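Since the structure comes first, as structure tokens, the remarks are kept for the end.
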Amino acid sequence: MAVDRDRVRTPRTVSNDFAAGLRGWLDAGRSLLTGLGITGRTAARTPVTVRYPAEKIRVSPRWRGALRLRGLLGHDEIPLISAEPPGYNAVIDDLYRGERLPPCVGNCPANVDARGQAFLIADDRIPEAYELVRSRNILPGVLGRICHHPCETACRRNYYDEPVAIRPLHRFAYEEYRKVAEERLTPLPVTREQTVAIVGSGPSGLAAAYDLMTLGYAVTMFEREPQPGGALNTGVPTYRLPRDVLYNEVNDLVALGLDLRLSTEVGKDVPLSVLMRDYDAVLLAVGLQESRILPIPGHDADGVVGALELLWAANHRGEAGLRGKRVLVIGGGNVAVDAARCALRMGAADVSLACLEGEDEMPCHPWEIEEALDEGVTALCSLGPKEVLTEGGHVTAMRMQSCTRVFDETGRFAPEFADEFTDVPADVIVFAIGQAAKLDDLLGGTELLVSGRGQLVADGTDFTTSVAGVFACGEVVTGPGSAIVSIATGHEAATSIHRFLEGRPTDDEHRVRRPVPVYARYAKADVAGVERTRLRAVMPMAKPEDRARDFRPVELGLTHLEAMAEASRCLRCQSEVCVGCTFCARTCPDYALQVERVDDPGIRCLTRYDLDLTKCCFCGLCAEQCPTNALTHTGQYELSFYHRDLMTFDKGEMLRDGGGTRATGRDGVLPPSCPTRPHRGGEDR
Amino acid sequence: MSLLWGLLWGLAAVMLIAGGAIIGVWWERKVAGRVQMRYGPQQIGPAGSLQMIADVPKLLFKEDIVPEGADEPLFRYAPLAVFAPAAMSLAVVPFAAGWAPFDSTVGALFFLAVPSISVIGILLSAWASHNTFAALGGLRAAAQMVSYEVPRSLSVLSVIVLAGTLRPTDVMAAWEWWWIPLTFVGFLVFLISSIAEMNRGPFDIPEAESELVAGYFADYSGIRWAVFMMGEYGALIATSLFGAAFFFGGHRLLPGVGGIVAMVVVACAIITVVMWVKWTFPRLRADQLMAFCWKVLTPVALVQLLVAGVVAAWL
Amino acid sequence: MTGQAEACGVDAHLLQTGDELVVNIGPSHPSTHGVCRVIVHLDGEIVTHAEPVIGHLHRGIEKMAENRTYLQVVPLTDRLDYVGSMYANWAYCRAVERLAGIRVPERAEYIRVVMCELQRIASHMMSIGSTGADTGATSAFIYAFNQREQVVDLFEAVCGARLTYNYVRPGGVSFDLPDGWIEQCRAFTRSHPSAMVEIDKLLFGNVIARQRLKGIGVLPAEEAIARGVTGPAARGSGVDWDLRRDDSYSVYPRVDFEIPLGENGDAYDRGRVRLWECVESCRIIDQALAQIEEGPIKAEGLPRLLAPRPGEAYDHIESARGSLGVYLVSDGSVRPYRMHVRSPAFQNLSVLGYLAEGHTLSDLVVILGSLDPVFGEVDR
């Protein structure tokens, strides 16, 4: 065996022969002795086989033996993800490392337990579901209407048919909760002496307030407007978010003990320095108040407005002088789409949306632009604003330049233009190209640092500012984003404040910086052959031609039964409890599995799980498909039975403990961990 | 009286061969195992040594199948015709000084002639099985065994020429140590042709598992099959004992009782080499086998005989 | 014997034998490498006519595929060439990917190449080992199987199965390599070539084996091409054709390897081509393992049910037996409308009668073994 691996060379031709004559005879004799030498040497070596039973062959952890279930619908409960606010990250981190984190929870910036919500709603424990969601998503009713639902994007059900309607379920939970809100809301006890002031009543501030109240602090919140909600109040069109939902949920927080002071502008009515003196910690959650307007020729003409102003006018006056006018919205983001749809509702004759990006690259959510196009908005893509054409100080048109490329090879924003110009006639031009913070009044008289570009200096991980005891969260730190991202920063900031007030460093090794999970993005599944009952509940929507005229809500909500059925569509990913989704049975090439479940509200259980081992070919497709990781292979392979009926494994046998099957007794080997985990892709390998 | 003695000796020979076969099969399985990176038998008894004790009752209790269309009496008793000559040939092996079970004046001739009778048993079993594969195997065996008689006899002849007698005990008495190098080529010819004679690999063409699926005893099962195997091991034992005596001096290697031990040890070494060869080499084809016999072994044996004759004459 | 042949449904003309002896080798016979039956006409020991009778292992896999989703067909392809399941997995998945326009991540392609080269070793070890077994050299058989066993252990560590792997998926592979696997595989590719040299000396260097294999079943190159013989069986005749190089696919263009060729086209050359291919496979694996990078192992965003647009696709790979092709037709539904497998074993087996004529019965066994048919693939 002592041949150097590098010296083994493939010969030019494999046909070789002995030389003729005596040489050949000698070679022939030597070949016999060589053969005897090889076998003799081998005989002197230790054999490669094992000495049974003292030694046994080790089986691979991915062994594909007889199947086994870890848990069963109606037999085992799934774990709810909940923890005290500062410990929540650690819980998520543990689940993530153990590959037990459901994709919906992992993909949510605030890690809302959407799986637990679906579990509780399916069990008709709806107020509990609402409270579970509220612990991480302070405004379930609001987000249930406006969230961009990254949870549904990551939902494993995408892979099979359609995602679970997590966002409509938030909304449904809110509506049910309203019926019992009175009895379930009791003020949270104040157990600590320190006090916290929060500036701004947007989603991030509210999230931080809730966490701090849960921890026992007294929290005071200041809001400039006469109504709470921050950008949700001023910026979100009412057809998407009826204001009573927002006010109800904020009032719930007040009922829990929040000291909310409306119409109090910090910096004007109360100086920030006073807050810093009177409170042990101050959290700035002021958001972004100003629309940015491009400094192109004519930008100061009459008829050029910012999107925030337009939306504010729409929300508070219901009128912006747009009736019968041609409106051009510049920008391709969600705010731009909102502005366009608002303009339509305020009676604009013709609304266009112009953006730099191509149709596939538009930064807004695809469903937003889809709905807008339904309502009659015209999208003009790959056009960059060049000049506002005016006549007598009034806007007449916008000169647009064709854009050939928006991002360079590395993905940075670096637009390139062609020498083609288009004039788009318009009476009103709305800029929706970004927002900026207005901090001058607020920060006057304090030592807080502001960067050269007018942004507050703040840490993006623990949300501290340049002054100890002053924290910042929300869009003022992250820049324009979504409500749920702001809420997530609120939770992080609350954790920092809690650490600060306890005298611990805000950033030590216990601060979990969990890896950002990467979940597979699924192509649209082919649902042509899937039964209607398995598909996502259809959210009733107002007709496009109706909804373009007024500000009534577009989505109409789910009924109680629809919601419970939708919740039971949840696959309870990674819960290790079989939900009877039957994907294993549907993927079995041998039709060896029979799964049935009863789905009536209140008595949801698996009635049958039969594995016919006489058919099983141990291909492993079923366990690969199992969304909950409940179905796994074992190392039990001694499957011989005296009676063929015994070869059908029923529920009880499928749930057997580690020891063995009916045939093997205790002889089977259980793999150390789940062997058939589908690869998740991404970083942690 | 001599009849009684004969019966007793016959019984002893059968016992010896049966016991030898049991040990031989175990040893062969061990050798084959180690050559093939395995342990061989290891479950029953120390190092699996009782494996064959367990196998014998198994073989005894197996169904004794006679195939449809077979010539039943011939089929049933052909194995005995294979086994008996092998057992008989043990009778002339000179175990100790001046003593062999059957100390015949033509002992050497007896040893060369009697085992050849087993070819009749093989032909009988092949014919009686009424099976193409068995028939092919039987025909191959007949051709092979008859041919290999020639070099085998010639190789033994060189020792006989040196000793000047056919009586095995007298050959042993006349044996000198320098006969070993002188007749070594003759021993190789004897060994090779004996392997062919007892249809062991690499000359197991009549059985040729991969072509004829055991050839002439393809249809045998249970104890009748075991008798074939005992015949094979009997021939192996007799041949190696005889070879140890004629080509290595047998009991003359050590004085007294040690002589028998030395002879058995040499015989065991020969057996092991035979097994080693079997588990190393591929099998020849029937025509190549015959060519090898007539074109290589026979001339070499003749040259050896010539050398031995010249030396004998020169003495 | 004629009665036996008659009972097996042999055509009447085959029974007009004159002095010839008709022997059925198989379907249950140790040297048919599966369940093949060869009707052999013998003149003494000389084969005057040999005709393989196939179909004993026909399971209708091509038809079964029409009633299963694209994913469910993968376990069926395992059972085509059960000595080289990875190949059929891969060929099928390539056809599906071509049909559905799926782009496979690079890491998956590397894993596939590594797996298929390991599979080539495993399959060739089976073939070389049975060359030994057919000629009576049982130890060479065991030595070859010892090598195969190590490959199979590697497969088991990756996918949990030792024979029917069901590992390659449309769009990638089912599992990533476990921790420490690459080192384990490297250790194997380091030790394997020297084991090959040993087997070469023990089997192909042995004078008896040379006599048994040289000049047996000579297949001239033109005849090999004319009869559609591919793989080592053709390369033994000097036909310099290997899809890995001549219709390069996956990441094969990025690795450097040689293609061993024979000159005489006899059983010896066919066997020894396989032996040296194993050494080259080790080189390919080493290079692939050096080039492999972290990344996804499955194409992103594949739905559970694939429903390619209506159309057809054919793709082929170089399996251990030759050019293995899968032809798929989609009618736009989630199940293939038609699947056909171009199996190299079937083509290679077709020359058996041509090769065996004039040789002895013992050589017939060797010739059959040197063509290395797997009847799961022949019969499908």
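Residue names in the structure tokens use chain letters A, B, ... in the order shown, residue numbers from 1 in each chain, and ligand numbers from 1 in the order shown.
Every protein or nucleic acid residue with an atom no more than 9 Å from Glu420 (chain A), counting only C-alpha atoms and leaving out same-chain residues fewer than 3 positions away, appears here: Met400, Gln401, Ser402, Cys403 and Phe417 of chain A.
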Selection: 8 Å around Thr607 (chain A), only C-alpha atoms, excl. self and same-chain fewer than 2 positions, as a short mmCIF file (atom, residue, chain, number, x, y, z; two decimals) with N, CA and C atoms, in the first residue's frame:
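Output below, filename part_33.cif:
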data_model
loop_
_atom_site.label_atom_id
_atom_site.label_comp_id
_atom_site.auth_asym_id
_atom_site.auth_seq_id
_atom_site.Cartn_x
_atom_site.Cartn_y
_atom_site.Cartn_z
N VAL A 595 -52.82 10.38 6.18
CA VAL A 595 -52.96 11.35 7.27
C VAL A 595 -54.33 11.98 7.19
N GLU A 596 -55.03 12.02 8.34
CA GLU A 596 -56.33 12.68 8.37
C GLU A 596 -56.41 13.52 9.62
N ARG A 597 -57.08 14.65 9.51
CA ARG A 597 -57.27 15.44 10.73
C ARG A 597 -58.66 16.02 10.75
N VAL A 598 -59.14 16.27 11.97
CA VAL A 598 -60.44 16.91 12.15
C VAL A 598 -60.16 18.37 12.40
N CYS A 605 -57.73 17.94 15.86
CA CYS A 605 -56.77 16.91 16.24
C CYS A 605 -56.50 16.02 15.03
N TYR A 609 -52.72 8.77 11.49
CA TYR A 609 -51.42 8.90 10.84
C TYR A 609 -50.90 7.48 10.66
#
With a cut-off of 10 Å and counting only C-alpha atoms, select all residues of chain C in contact with chain B and give the selection as a PyMOL selection string.
chain C and resi 1+21-25+29-32+44-45+130-143+146+202-203+206-212+360-366
Writer output for current selection, N, CA and C atoms, as a tab-separated table (two decimals), in the first residue's frame:
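Saved file selection27.tsv follows:
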chain	number	residue	atom	x	y	z
C	1	MET	N	-32.95	-30.43	-22.37
C	1	MET	CA	-32.74	-28.98	-22.23
C	1	MET	C	-33.71	-28.21	-23.10
C	21	LEU	N	-25.84	-27.80	-27.86
C	21	LEU	CA	-26.46	-27.86	-26.55
C	21	LEU	C	-26.96	-26.45	-26.24
C	22	VAL	N	-28.23	-26.37	-25.84
C	22	VAL	CA	-28.76	-25.05	-25.49
C	22	VAL	C	-28.76	-24.92	-23.98
C	23	VAL	N	-28.12	-23.92	-23.50
C	23	VAL	CA	-28.06	-23.70	-22.05
C	23	VAL	C	-28.61	-22.32	-21.76
C	24	ASN	N	-29.44	-22.27	-20.73
C	24	ASN	CA	-29.91	-20.99	-20.23
C	24	ASN	C	-28.98	-20.52	-19.13
C	25	ILE	N	-28.28	-19.46	-19.40
C	25	ILE	CA	-27.53	-18.84	-18.30
C	25	ILE	C	-28.48	-17.80	-17.73
C	29	HIS	N	-28.49	-16.51	-11.96
C	29	HIS	CA	-27.17	-17.11	-12.14
C	29	HIS	C	-26.16	-16.12	-11.57
C	30	PRO	N	-25.13	-16.62	-10.90
C	30	PRO	CA	-24.24	-15.67	-10.21
C	30	PRO	C	-23.52	-14.70	-11.12
C	31	SER	N	-23.38	-15.01	-12.38
C	31	SER	CA	-22.55	-14.15	-13.22
C	31	SER	C	-23.32	-13.27	-14.16
C	32	THR	N	-24.63	-13.20	-14.01
C	32	THR	CA	-25.36	-12.34	-14.94
C	32	THR	C	-25.53	-10.93	-14.40
C	44	GLY	N	-19.87	-28.17	-27.86
C	44	GLY	CA	-18.89	-28.49	-26.84
C	44	GLY	C	-18.91	-27.39	-25.81
C	45	GLU	N	-17.77	-26.72	-25.67
C	45	GLU	CA	-17.78	-25.55	-24.80
C	45	GLU	C	-17.79	-24.25	-25.58
C	130	SER	N	-16.27	-7.72	-9.83
C	130	SER	CA	-16.96	-8.87	-10.40
C	130	SER	C	-16.17	-9.46	-11.56
C	131	THR	N	-15.29	-8.68	-12.17
C	131	THR	CA	-14.35	-9.30	-13.12
C	131	THR	C	-13.54	-10.34	-12.39
C	132	GLY	N	-13.09	-9.97	-11.18
C	132	GLY	CA	-12.38	-10.94	-10.37
C	132	GLY	C	-13.26	-12.12	-10.01
C	133	ALA	N	-14.47	-11.84	-9.59
C	133	ALA	CA	-15.35	-12.92	-9.16
C	133	ALA	C	-15.69	-13.84	-10.34
C	134	ASP	N	-15.90	-13.25	-11.50
C	134	ASP	CA	-16.25	-14.06	-12.67
C	134	ASP	C	-15.12	-14.99	-13.05
C	135	THR	N	-13.88	-14.54	-12.84
C	135	THR	CA	-12.76	-15.39	-13.19
C	135	THR	C	-12.29	-16.22	-12.00
C	136	GLY	N	-12.96	-16.08	-10.87
C	136	GLY	CA	-12.62	-16.92	-9.73
C	136	GLY	C	-11.69	-16.28	-8.73
C	137	ALA	N	-11.27	-15.02	-8.98
C	137	ALA	CA	-10.38	-14.35	-8.04
C	137	ALA	C	-11.22	-13.61	-7.01
C	138	THR	N	-11.70	-14.36	-6.02
C	138	THR	CA	-12.66	-13.75	-5.09
C	138	THR	C	-12.02	-12.70	-4.21
C	139	SER	N	-10.72	-12.81	-3.97
C	139	SER	CA	-10.11	-11.82	-3.10
C	139	SER	C	-10.04	-10.46	-3.77
C	140	ALA	N	-9.75	-10.45	-5.06
C	140	ALA	CA	-9.74	-9.18	-5.78
C	140	ALA	C	-11.12	-8.54	-5.68
C	141	PHE	N	-12.14	-9.36	-5.75
C	141	PHE	CA	-13.51	-8.89	-5.60
C	141	PHE	C	-13.70	-8.20	-4.25
C	142	ILE	N	-13.21	-8.86	-3.21
C	142	ILE	CA	-13.38	-8.28	-1.87
C	142	ILE	C	-12.56	-7.01	-1.74
C	143	TYR	N	-11.36	-6.99	-2.30
C	143	TYR	CA	-10.54	-5.78	-2.19
C	143	TYR	C	-11.25	-4.60	-2.87
C	146	ASN	N	-13.99	-3.47	-0.77
C	146	ASN	CA	-13.54	-2.68	0.38
C	146	ASN	C	-13.44	-1.22	0.00
C	202	LEU	N	-2.71	-7.31	-8.55
C	202	LEU	CA	-3.29	-8.58	-8.13
C	202	LEU	C	-4.12	-9.20	-9.25
C	203	LEU	N	-4.86	-8.35	-9.96
C	203	LEU	CA	-5.80	-8.89	-10.92
C	203	LEU	C	-5.30	-8.74	-12.35
C	206	ASN	N	-1.82	-10.25	-13.12
C	206	ASN	CA	-1.65	-11.69	-12.93
C	206	ASN	C	-1.68	-12.43	-14.25
C	207	VAL	N	-0.79	-13.40	-14.38
C	207	VAL	CA	-0.68	-14.09	-15.67
C	207	VAL	C	-1.95	-14.87	-16.00
C	208	ILE	N	-2.56	-15.45	-14.99
C	208	ILE	CA	-3.79	-16.21	-15.27
C	208	ILE	C	-4.90	-15.26	-15.73
C	209	ALA	N	-5.03	-14.12	-15.03
C	209	ALA	CA	-6.07	-13.19	-15.41
C	209	ALA	C	-5.83	-12.64	-16.80
C	210	ARG	N	-4.57	-12.38	-17.12
C	210	ARG	CA	-4.27	-11.92	-18.48
C	210	ARG	C	-4.74	-12.93	-19.50
C	211	GLN	N	-4.44	-14.20	-19.20
C	211	GLN	CA	-4.87	-15.23	-20.14
C	211	GLN	C	-6.38	-15.27	-20.26
C	212	ARG	N	-7.05	-15.03	-19.12
C	212	ARG	CA	-8.50	-15.09	-19.15
C	212	ARG	C	-9.13	-13.89	-19.82
C	360	THR	N	-15.52	-19.55	-25.46
C	360	THR	CA	-16.07	-20.64	-24.65
C	360	THR	C	-17.08	-20.09	-23.66
C	361	LEU	N	-17.75	-21.02	-23.03
C	361	LEU	CA	-18.76	-20.65	-22.05
C	361	LEU	C	-18.13	-19.81	-20.93
C	362	SER	N	-16.92	-20.21	-20.52
C	362	SER	CA	-16.25	-19.46	-19.45
C	362	SER	C	-16.02	-18.02	-19.87
C	363	ASP	N	-15.71	-17.82	-21.15
C	363	ASP	CA	-15.45	-16.46	-21.62
C	363	ASP	C	-16.72	-15.65	-21.72
C	364	LEU	N	-17.82	-16.30	-21.99
C	364	LEU	CA	-19.09	-15.58	-22.08
C	364	LEU	C	-19.33	-14.80	-20.80
C	365	VAL	N	-19.06	-15.48	-19.68
C	365	VAL	CA	-19.28	-14.85	-18.39
C	365	VAL	C	-18.39	-13.62	-18.25
C	366	VAL	N	-17.14	-13.78	-18.69
C	366	VAL	CA	-16.19	-12.67	-18.60
C	366	VAL	C	-16.64	-11.52	-19.49
- Item | Contacts of Ser193 (chain B) at 10 Å (only C-alpha atoms; same-chain gap of 6+ positions) as a ChimeraX atom specification | /B:144-145,147-153,155,187,199,203,293,297-298
Generate a file of the selected residues that holds C-alpha atoms, formatted as an mmCIF file, in the first residue's frame.
data_model
loop_
_atom_site.group_PDB
_atom_site.id
_atom_site.type_symbol
_atom_site.label_atom_id
_atom_site.label_comp_id
_atom_site.auth_asym_id
_atom_site.auth_seq_id
_atom_site.Cartn_x
_atom_site.Cartn_y
_atom_site.Cartn_z
ATOM 1 C CA GLN B 144 -8.855 -32.541 -16.267
ATOM 2 C CA MET B 145 -8.350 -35.356 -13.773
ATOM 3 C CA SER B 147 -4.753 -35.453 -17.834
ATOM 4 C CA TYR B 148 -3.227 -34.374 -14.587
ATOM 5 C CA GLU B 149 -2.558 -37.972 -13.597
ATOM 6 C CA VAL B 150 0.435 -37.843 -15.927
ATOM 7 C CA PRO B 151 2.537 -35.033 -14.442
ATOM 8 C CA ARG B 152 1.514 -36.086 -10.952
ATOM 9 C CA SER B 153 2.761 -39.608 -11.449
ATOM 10 C CA SER B 155 6.732 -36.061 -10.326
ATOM 11 C CA PHE B 187 7.189 -31.160 -5.563
ATOM 12 C CA ASN B 199 -10.557 -29.586 -8.341
ATOM 13 C CA PHE B 203 -8.112 -25.237 -11.194
ATOM 14 C CA CYS B 293 -0.797 -29.667 -18.201
ATOM 15 C CA LEU B 297 3.831 -29.508 -16.301
ATOM 16 C CA THR B 298 4.531 -32.780 -18.131
#
Interface residues on chain A facing chain B, 7 Å, only C-alpha atoms, written as JSON, numbers by chain:
{"A": [35, 36, 39, 40, 42, 43, 47, 48, 49]}
What does the file look like for those residues with C-alpha atoms, as a short mmCIF file (atom, residue, chain, number, x, y, z; two decimals), in the first residue's frame?
data_model
loop_
_atom_site.label_atom_id
_atom_site.label_comp_id
_atom_site.auth_asym_id
_atom_site.auth_seq_id
_atom_site.Cartn_x
_atom_site.Cartn_y
_atom_site.Cartn_z
CA GLY A 35 -0.26 -11.87 -6.11
CA LEU A 36 0.65 -14.19 -3.28
CA THR A 39 -2.82 -11.51 -0.32
CA GLY A 40 -0.26 -12.58 2.24
CA THR A 42 -3.35 -8.39 3.55
CA ALA A 43 -3.81 -11.50 5.70
CA PRO A 47 -9.28 -7.01 9.05
CA VAL A 48 -11.53 -4.10 8.17
CA THR A 49 -14.73 -5.77 9.34
#
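Here the question is which of C:Ser343, C:Thr230, C:Ser85, C:Ser174 gets nearest to Arg162 (chain C) using only C-alpha atoms, and that residue is C:Ser85.
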**Item:** Within 10 Å of region 307-310 of chain C using only C-alpha atoms, minus same-chain residues under 3 positions, as a PyMOL selection string
**Value:** (chain A and resi 525-526+528) or (chain C and resi 69-70+96-102+303-304+329-337)
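Within 9 Å of Glu162 (chain A), once only C-alpha atoms are used and residues closer than 2 positions along the same chain are dropped, the contacting residues are Cys155, Arg156, Arg157, Asn158, Tyr159, Tyr160, Val164, Ala165, Lys524, Ala525, Val527, Arg534, Leu535 and Arg536 of chain A.
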Would you save the residues from that selection as a CSV table (one decimal), in the first residue's frame, using C-alpha atoms?
chain,number,residue,atom,x,y,z
A,155,CYS,CA,-43.8,31.9,5.5
A,156,ARG,CA,-42.9,28.3,4.7
A,157,ARG,CA,-46.4,27.8,3.2
A,158,ASN,CA,-45.2,29.9,0.2
A,159,TYR,CA,-43.3,26.8,-0.7
A,160,TYR,CA,-46.4,24.6,-0.7
A,164,VAL,CA,-50.7,32.2,5.9
A,165,ALA,CA,-52.5,35.5,6.2
A,524,LYS,CA,-45.0,31.5,-6.6
A,525,ALA,CA,-46.1,28.0,-6.1
A,527,VAL,CA,-51.7,26.2,-6.9
A,534,ARG,CA,-56.0,24.6,1.5
A,535,LEU,CA,-55.5,28.0,0.1
A,536,ARG,CA,-55.2,31.4,1.8
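Of the listed residues C:Val104, C:Ile128, C:Leu76, C:Ala157, the one whose atoms come nearest to chain A is C:Ala157, with distances taken using only C-alpha atoms.
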Output as a VMD selection string all residues of region 41-235 of chain C that backbone DSSP marks as helix (DSSP H, G or I).
-> chain C and resid 61 to 65 73 to 78 85 to 100 106 to 135 138 to 159 181 to 204 207 to 213 221 to 226 232 to 235
Across C:Gly231, C:Gly265, C:Gly26, C:Gly180, the smallest distance to chain A, with only C-alpha atoms counted, is shown by C:Gly265
Of C:Trp276, C:Phe188, C:Tyr110, C:Tyr167, the one nearest to chain A when counting only C-alpha atoms is C:Trp276
Atom pair CA of Arg45 (chain A) + CA of Ala195 (chain C), distance 14.4 Å
**Request:** Would you kindly return, as number ranges by chain, each protein, DNA or RNA residue with an atom no farther than 10 Å from any atom of Leu120 (chain A), considering only C-alpha atoms and excluding same-chain residues fewer than 5 positions away?
**Result:** A: 78, 80, 114-115, 125-130, 132, 564, 567-568
Go ahead and save the residues from that selection, with N, CA and C atoms, as an mmCIF file, in the first residue's frame.
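Okay, this is what ended up in again_33.cif:
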data_model
loop_
_atom_site.group_PDB
_atom_site.id
_atom_site.type_symbol
_atom_site.label_atom_id
_atom_site.label_comp_id
_atom_site.auth_asym_id
_atom_site.auth_seq_id
_atom_site.Cartn_x
_atom_site.Cartn_y
_atom_site.Cartn_z
ATOM 1 N N ILE A 78 -47.809 23.537 21.122
ATOM 2 C CA ILE A 78 -46.570 24.103 20.600
ATOM 3 C C ILE A 78 -46.087 25.178 21.567
ATOM 4 N N LEU A 80 -44.995 28.691 22.949
ATOM 5 C CA LEU A 80 -45.152 30.100 22.593
ATOM 6 C C LEU A 80 -43.836 30.810 22.895
ATOM 7 N N ALA A 114 -45.664 35.043 15.276
ATOM 8 C CA ALA A 114 -46.823 34.837 14.413
ATOM 9 C C ALA A 114 -47.324 33.395 14.502
ATOM 10 N N ARG A 115 -46.401 32.451 14.734
ATOM 11 C CA ARG A 115 -46.796 31.050 14.867
ATOM 12 C C ARG A 115 -47.684 30.869 16.091
ATOM 13 N N ARG A 125 -58.520 31.214 21.299
ATOM 14 C CA ARG A 125 -58.043 31.986 22.458
ATOM 15 C C ARG A 125 -57.544 33.326 21.920
ATOM 16 N N ILE A 126 -58.500 34.105 21.376
ATOM 17 C CA ILE A 126 -58.092 35.243 20.564
ATOM 18 C C ILE A 126 -57.498 36.389 21.397
ATOM 19 N N PRO A 127 -58.103 36.755 22.557
ATOM 20 C CA PRO A 127 -57.454 37.821 23.345
ATOM 21 C C PRO A 127 -56.029 37.464 23.736
ATOM 22 N N GLU A 128 -55.797 36.201 24.064
ATOM 23 C CA GLU A 128 -54.418 35.793 24.375
ATOM 24 C C GLU A 128 -53.520 36.005 23.169
ATOM 25 N N ALA A 129 -54.053 35.676 21.992
ATOM 26 C CA ALA A 129 -53.278 35.861 20.772
ATOM 27 C C ALA A 129 -52.916 37.325 20.606
ATOM 28 N N TYR A 130 -53.903 38.196 20.847
ATOM 29 C CA TYR A 130 -53.657 39.629 20.700
ATOM 30 C C TYR A 130 -52.557 40.073 21.658
ATOM 31 N N LEU A 132 -50.241 38.266 23.048
ATOM 32 C CA LEU A 132 -48.950 37.701 22.646
ATOM 33 C C LEU A 132 -48.311 38.569 21.574
ATOM 34 N N MET A 564 -60.340 31.674 11.913
ATOM 35 C CA MET A 564 -59.914 30.442 12.573
ATOM 36 C C MET A 564 -59.424 29.425 11.548
ATOM 37 N N ALA A 567 -56.030 30.529 10.507
ATOM 38 C CA ALA A 567 -55.015 30.273 11.532
ATOM 39 C C ALA A 567 -54.632 28.804 11.540
ATOM 40 N N SER A 568 -55.597 27.932 11.244
ATOM 41 C CA SER A 568 -55.255 26.517 11.271
ATOM 42 C C SER A 568 -54.491 26.111 10.015
#
I'd like the neighbourhood of Val406 (chain A) as a ChimeraX atom specification, where a residue qualifies if any of its atoms comes within 7 Å (using only C-alpha atoms), though same-chain residues fewer than 2 positions away should be ignored.
/A:356-357,404,408,413-416
Kindly export the residues of the current selection with N, CA and C atoms, as an mmCIF file, in the first residue's frame.
data_model
loop_
_atom_site.group_PDB
_atom_site.id
_atom_site.type_symbol
_atom_site.label_atom_id
_atom_site.label_comp_id
_atom_site.auth_asym_id
_atom_site.auth_seq_id
_atom_site.Cartn_x
_atom_site.Cartn_y
_atom_site.Cartn_z
ATOM 1 N N LEU A 356 -37.289 56.886 -11.013
ATOM 2 C CA LEU A 356 -36.052 56.576 -11.710
ATOM 3 C C LEU A 356 -35.986 55.114 -12.110
ATOM 4 N N GLU A 357 -36.473 54.273 -11.225
ATOM 5 C CA GLU A 357 -36.271 52.848 -11.386
ATOM 6 C C GLU A 357 -37.175 52.270 -12.469
ATOM 7 N N THR A 404 -31.022 55.401 -17.641
ATOM 8 C CA THR A 404 -30.644 54.090 -18.193
ATOM 9 C C THR A 404 -30.270 53.109 -17.097
ATOM 10 N N ASP A 408 -25.163 51.011 -9.734
ATOM 11 C CA ASP A 408 -23.992 50.492 -10.432
ATOM 12 C C ASP A 408 -23.777 49.021 -10.078
ATOM 13 N N PHE A 413 -26.315 53.513 -5.322
ATOM 14 C CA PHE A 413 -27.174 54.419 -6.076
ATOM 15 C C PHE A 413 -26.299 55.341 -6.907
ATOM 16 N N ALA A 414 -26.298 55.169 -8.225
ATOM 17 C CA ALA A 414 -25.482 56.006 -9.107
ATOM 18 C C ALA A 414 -26.176 56.083 -10.456
ATOM 19 N N PRO A 415 -27.202 56.919 -10.528
ATOM 20 C CA PRO A 415 -28.023 56.915 -11.768
ATOM 21 C C PRO A 415 -27.263 57.458 -12.970
ATOM 22 N N GLU A 416 -27.548 56.882 -14.131
ATOM 23 C CA GLU A 416 -26.996 57.372 -15.396
ATOM 24 C C GLU A 416 -28.164 57.732 -16.303
#
Option closest in space to chain C, from A:Ile429, A:Ala154, A:Met221, A:Ala565 [counting only C-alpha atoms] =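 Result for the nearest residue to chain C: A:Ala154.
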In Å, with one decimal, what is the gap from CA of Ala372 (chain A) to CA of Arg341 (chain A)?
->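 Distance reported for this atom pair: 6.2 Å.
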